[in-house]
Each structure stands twice: as structure tokens, then as C-alpha cells.
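*Asks:* Sharing a structure here in C-alpha cells format.
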Amino acid sequence: MADKDAYVNDSSDDTHVSSAAASNEDNLKLLRDAVRSLPPKAVKDLLSNGACARCIFWLFSIHRHILSCPLVSTPVLSAILRELTETEGDVADHPNNLDRVQVFEEVEVCKICLGIMQFVYRDAKEILAKKGCAIDFAATIADVVKLEGHQIDSFSLELSLPPTIVDNEDAVWSYMKKKYKSEPWYREKFPSQSITIKDFLKLSLTNPLEMLLNVKSNPSSFRIRLTYTLSNTSPNGQHSSEMNGCSKRRKIDDSDDLKKHANVHKVEGHEVRTNSSNKLEDHMFGCLTFPLEKVSRCCSLIVQCYRTSIYIGGRYLKYSRKVSQTRWIIDGERMGEASVEEIVGGTILPMCQGDSYKFHAAGREDIDVRMLGTGRPFLVEIQNARQVPSDVLIKDIETKINSTETKSVQVRVKNLKEFGSQGWALIREGEAEKQKQYTALVWISRPLNDNDVQTVSSLKATQILQKTPVRVLHRRSPLEREKIIHWMKIERIAGSSQYFLLHLCTQAGTYIKEFVHGDLGRTHPSIGSIFGCRAEILQLDVTDVKMDCLQA
């Protein structure tokens, strides 16, 4: 059986064999010391009722030094137990006697952990797999991680176990208390608190994974997730929950009555259950009783690794009136020549080696409206990025986007940087408070005069009322909105008396086109009603979007 020292290749075969032998002797001594601390009668009872060796160590909270030991198995445990009971001194001097002692056979699937702590499982193809120890199992997980090609500097290990295992834990705790609480060793050796099987397995795998991946386990954006599932049917075809007359106990929150009785709380980052509550015993254990029913099938396991979303944001400028903000398809026909979303997101995604992306922006402009000036704030959410965006990579992304151009497709980005998970919240909060500046090319049905220019310039913080524009009624709710026009000024166009440029600053969400022409009276006041004539908007540009969280 390969152990931790033997797993790492040595330059010399002799050194390798010697190291492995020494390590096996150390592991055997460690295991013998652990077994010596256990009550023999209770251990034999558990073994005879289908518990695996690791579940027994879990029950008695013997964690740290035997978690990754390759010798932990039912035969070895029972053999050591017998030796210590009958010939303790002799066996200590002659470890080979271990082979001649009658022992319990390894249970095929542990009744308590359903094979999880035996490292027995069915893989994604439903092929039965068994690993000899935690290091071997961790190596399988590490191979999956390496195959995915993620750049990692730390990892978080996540486990999802079937609810049946929680019920099994509760049942065995209840059994031990009822049968052995009067024994002298019970209070001394049987812990009043214990971590769950889930966290016991985490402890078993964390150190080997750190060694194999050469990174530490910390709160991380990179997650390794083990998902165990189990068929809900028992050998006779009935659902186990139906057979026991109860439903499975699911994850519970602080308000759940079960949690109040179970005294579940957190200690040192692991879930800990207090095992001394009579209320827990009375309330919980009508569902499953120990010894548990024989298990004929182990859990299925899916190993996944992924990175939580990363956000790369900045400001984009759009110089074309034929480019939409997002991909725009109507009845299978593409509108416009391209989109900001595809140009920007389509460049970032392959450079970060992600699975997919989402494009988020602080508001939007129509396809025929240019985004000039300081640009519009945006975020691209990259899902499961394998490449962590460094400052150099982000600069390369910016350069590549800004070199992507055809005759009529012009999109630029600036001030690109990576945002944390709070980036999305920041852009949503800032969007509601932002001010926007525009320049509109306007035509009116009569010549523009000096009084018109002065009137417009004198209007400050003007409140307008806008009903949902006719042009978007098919996709927007019919509402009335109060908006503020903060300021306006007119720039005359040389040689023209009816055309002029209108510069204005408005509250976010103001419909500018409708503010100019009035939208059949649905926006009031409007430039048309202020001038007392017909007004039409011919072109519109956004020149500034003011947001504190993404400064220009």
C-alpha cells in the first residue's frame, strides 16, 4: 500500500523502499496507539454491525494523526484490537504476528458512511472505484484539477453528502449513548462533541491535496467540489424514508426547531454536534435505528473544480451608429453589424480561458446612439476562468480590444481592471444614482432665436413627467416617471437657423429622444413645448456617465 512518503518518488530505489518500510512501521505504531485508547467491547460491537474503521475513529474523535494513514482498515483495526487484548507485549515486539490473528473482514460498504470514508464510490461512468487511502483518493482528485488546467494559488474543498448519512450519524450516536452511557469509559473516552463525517472527510483530504497541488487550502475563489449521491431505494424497492416512517432531515437554519434541539454550532470552522441532549435523542431518532440496514450499493461521486466568477470592468466607447450594446436578434435576423458585448466579452473570454461570460453595463444606449466622452461603465463576468487576470493580462486584453476594428465597427475600452465579487453590486448601486450628459442634433420647425437660447440656458433642475414612450410600450410597463433635467445649453450651427446642438445633463433613466419631440404629449415639458413648435431629434450621443464606483 502506498503511503505519503512512498507516493513522492525518490531518486534512489533503495532509499524509496527503506523510506516506505520505515513509514509503515511508524504508521502501524501510530495506529496501535490509537486503538489502545479505544474501549474494545464497543469497537467490536461497531465492527460486527458493519461500521468501517474510519467511522470508529470518527466516533471517538481520533482525527489528526491517522486521517491519511494507509493502514486504516477493518482487518488491521480488529487485529490490533485482538493483539492488544490478548498478547499485547508479544505483538509489540513481533509485528508480523498481525498476519496470524483472526480478524473481521472488511465490510464491502460501511453502513454508517456508505463507503465514503472507505474511499469506495462509483465514478461518473458508474464504474466502481476503490482507493486504498486518503492520499490515493486525493491523487485522483488532483488529476481532475490538473486536467482542467486552472491557474491556482489556493483552493477551497466543498463536499455534498446524501442526507441519509446525517441520519446514520444521529442513529449511531443514539445507539452508543443508550448502550454504553453507564460504562466507566463513556464520559472519559466518548466525546460530548464531535465533528461531522463531512468534516472528518475534509480533514482527511486537505493535507494530501495541499501536497499534491502544491498550494494551501484557504478561503479561495477556486473550489474543488465532491458531490456524493445515493439511490433513494432500499434493496426491496422501498424508499428508506418511507420504510422508517419519516422524511430525511435536511440542512437546517438558525430558526429550525430541529437545530434548537440538536445543539448544532460551529467550532474552528467545522460543524460540531453536541451529543448529550436528551431532547435530541427523543426528537430525532424515531427515524433510523442502529444497527442500520445492510447497504448493497455505495455512493456515486462527481468531482468538479471551478473558479467563482471574476469581473473585469472599465468603460467602453462606441463610435458607430450600427453597433448595438448587446447581441440583437429579431425573428432570426441580426440587427446591426456587431455588438459591444460580443467585441468586448468575446475578446476577454478566451484570454481568461473561461467557460462563458455575461456582459453588464450601467444603462444602455440605442443602436443609433454613440457612446463618446468618458465612456459607459461596464463589467464582464467570466465564469470558471482558468487564467487569473494579472495586470499584464488585463493590459493585453485592453490592447487587443482596441485593435479590433473594421470600417464601420468601432468600439474601444479604457481603464480596464479586475473587480472583486462586489463589482456587480457597485455597478447596480451606482447606476441608480448616476447622471448622464448628452449632445443631440435637433431640428425645429422655425428659426432659432436668441430668446430660445437664453430660455433653455436658464432652466436648472427642471422636473419633467414622462410616460413610457410609444416606441417601447411593447416591452415596457405603461408607467409615469418623474425625471430631472439638471441643465441645458444650446450650441448654434454656423449657416443654419433651424438646426442646433443641444447639450444637456439629466437624471439616469431619462428618455432623451422623447424629451426633444414630446412623444405625442406623453413627455412634458419638452423642447417642442418650451419653444412652442415642432422639434425633432436627428442624432444623439452620450458624452458622459457620472459614476463614483467606475471613475472615467
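Ordering of the C-alpha cells sets the chain letters (A, B, ...), residue numbers begin anew at 1 in every chain, and ligands are numbered from 1 in the order given.
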Set the distance at 12 Å and use only C-alpha atoms: which residues neighbour Arg364 of chain A once local chain neighbours fewer than 6 positions away are removed? I'd like the list as a list in words.

*Replies:*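 My reading of the contact set: Tyr316, Leu317, Lys318, Ser324, Gln325, Thr326, Ser339, Val340, Glu341, Arg370, Met371, Gly375, Arg376, Pro377, Phe378, Glu431, Lys436, Ala508, Gly509, Thr510, Tyr511, Asp541, Val542 and Val545 of chain A.
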
*Asks:* I want to know what sits within 10 Å of Thr289 of chain A, based on only C-alpha atoms, with residues of the same chain fewer than 5 positions away left out; could you give that as a VMD selection string?

*Replies:* chain A and resid 167 to 168 170 to 172 174 to 175 244

*Asks:* When you look at Asn49 of chain A with a cut-off of 9 Å (counting only C-alpha atoms), what residues show up, excluding the ones that are within fewer than 5 positions of it in the same chain? I need them as a PyMOL selection string.

*Replies:* chain A and resi 44+111+290-292

*Asks:* Keeping N, CA, C and O atoms, export the residues of the selection given above as a tab-separated table (two decimals), in the first residue's frame.

*Replies:*
chain	number	residue	atom	x	y	z
A	44	LYS	N	-15.60	-3.73	18.97
A	44	LYS	CA	-16.04	-5.00	18.39
A	44	LYS	C	-17.53	-4.95	18.04
A	44	LYS	O	-17.96	-5.49	17.03
A	111	LYS	N	-22.02	0.71	6.79
A	111	LYS	CA	-23.43	1.06	7.00
A	111	LYS	C	-23.61	2.51	7.43
A	111	LYS	O	-24.69	3.07	7.24
A	290	PHE	N	-30.05	1.90	15.06
A	290	PHE	CA	-28.80	1.15	14.88
A	290	PHE	C	-28.94	-0.19	15.59
A	290	PHE	O	-29.48	-0.25	16.70
A	291	PRO	N	-28.48	-1.31	15.01
A	291	PRO	CA	-27.74	-1.44	13.75
A	291	PRO	C	-28.57	-1.04	12.53
A	291	PRO	O	-29.77	-1.28	12.46
A	292	LEU	N	-27.87	-0.44	11.59
A	292	LEU	CA	-28.53	0.03	10.37
A	292	LEU	C	-28.70	-1.11	9.37
A	292	LEU	O	-28.05	-2.15	9.45

*Asks:* Write out as a PyMOL selection string each polymer residue whose atoms come within 8 Å of Ser421 of chain A, counting only C-alpha atoms; drop sequence neighbours fewer than 3 positions from it.

*Replies:* chain A and resi 309-311+424

*Asks:* Can I get the selection written as a tab-separated table (two decimals), in the first residue's frame, with all heavy atoms?

*Replies:*
chain	number	residue	atom	x	y	z
A	309	SER	N	-17.01	33.39	-10.25
A	309	SER	CA	-16.94	34.41	-11.31
A	309	SER	C	-15.92	35.49	-10.97
A	309	SER	O	-15.82	35.94	-9.83
A	309	SER	CB	-18.32	35.03	-11.52
A	309	SER	OG	-19.23	34.11	-12.04
A	310	ILE	N	-15.18	35.90	-11.99
A	310	ILE	CA	-14.33	37.08	-11.86
A	310	ILE	C	-14.93	38.17	-12.73
A	310	ILE	O	-15.64	37.91	-13.71
A	310	ILE	CB	-12.88	36.78	-12.28
A	310	ILE	CG1	-12.81	36.38	-13.76
A	310	ILE	CG2	-12.26	35.71	-11.41
A	310	ILE	CD1	-11.40	36.28	-14.28
A	311	TYR	N	-14.66	39.41	-12.36
A	311	TYR	CA	-15.25	40.55	-13.05
A	311	TYR	C	-14.14	41.46	-13.55
A	311	TYR	O	-13.29	41.90	-12.78
A	311	TYR	CB	-16.18	41.33	-12.12
A	311	TYR	CG	-17.37	40.54	-11.64
A	311	TYR	CD1	-17.28	39.72	-10.52
A	311	TYR	CD2	-18.59	40.61	-12.32
A	311	TYR	CE1	-18.37	38.99	-10.08
A	311	TYR	CE2	-19.69	39.88	-11.88
A	311	TYR	CZ	-19.56	39.08	-10.76
A	311	TYR	OH	-20.64	38.35	-10.33
A	424	TRP	N	-20.33	43.70	-9.19
A	424	TRP	CA	-21.69	43.71	-9.71
A	424	TRP	C	-22.59	44.61	-8.87
A	424	TRP	O	-23.39	45.39	-9.38
A	424	TRP	CB	-22.22	42.29	-9.76
A	424	TRP	CG	-23.67	42.15	-10.10
A	424	TRP	CD1	-24.64	41.59	-9.34
A	424	TRP	CD2	-24.32	42.56	-11.31
A	424	TRP	NE1	-25.85	41.62	-9.99
A	424	TRP	CE2	-25.68	42.22	-11.20
A	424	TRP	CE3	-23.89	43.19	-12.46
A	424	TRP	CZ2	-26.61	42.48	-12.20
A	424	TRP	CZ3	-24.82	43.45	-13.46
A	424	TRP	CH2	-26.15	43.09	-13.33

*Asks:* Show which residues sit within 9 Å of Ile152 of chain A, as a PDB file with N, CA and C atoms, in the first residue's frame. Count only C-alpha atoms, and ignore same-chain residues fewer than 5 positions away.

*Replies:*
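Resulting contents of around14.pdb:
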ATOM      1  N   LEU A 213      -1.093  19.435  -4.944  1.00  0.00           N
ATOM      2  CA  LEU A 213      -1.325  20.625  -5.759  1.00  0.00           C
ATOM      3  C   LEU A 213      -0.308  21.724  -5.477  1.00  0.00           C
ATOM      4  N   VAL A 215      -0.273  23.931  -3.168  1.00  0.00           N
ATOM      5  CA  VAL A 215      -0.898  25.182  -2.719  1.00  0.00           C
ATOM      6  C   VAL A 215      -1.623  24.896  -1.410  1.00  0.00           C
ATOM      7  N   PHE A 222     -11.168  29.551  -6.022  1.00  0.00           N
ATOM      8  CA  PHE A 222     -11.087  28.266  -6.722  1.00  0.00           C
ATOM      9  C   PHE A 222     -11.616  27.173  -5.809  1.00  0.00           C
ATOM     10  N   ARG A 386      -9.901  29.918 -16.099  1.00  0.00           N
ATOM     11  CA  ARG A 386      -8.740  29.107 -15.745  1.00  0.00           C
ATOM     12  C   ARG A 386      -7.479  29.951 -15.620  1.00  0.00           C
ATOM     13  N   GLN A 387      -7.499  31.101 -16.221  1.00  0.00           N
ATOM     14  CA  GLN A 387      -6.369  32.018 -16.152  1.00  0.00           C
ATOM     15  C   GLN A 387      -6.745  33.183 -15.246  1.00  0.00           C
ATOM     16  N   VAL A 388      -5.972  33.393 -14.181  1.00  0.00           N
ATOM     17  CA  VAL A 388      -6.221  34.514 -13.271  1.00  0.00           C
ATOM     18  C   VAL A 388      -5.721  35.788 -13.939  1.00  0.00           C
TER      19      VAL A 388
END

*Asks:* For atom CA of Lys198 of chain A and atom CA of Ser156 of chain A, quote the distance in Å rounded to one decimal.

*Replies:*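 Computing the Euclidean distance for atom CA of Lys198 of chain A and atom CA of Ser156 of chain A yields 14.2 Å.
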
*Asks:* Among segment 345-523 of chain A, which residues carry a DSSP assignment of helix (DSSP H, G or I), reported as a PyMOL selection string?

*Replies:* chain A and resi 345-352+391-402+423-433+450-458+470-472+512-517
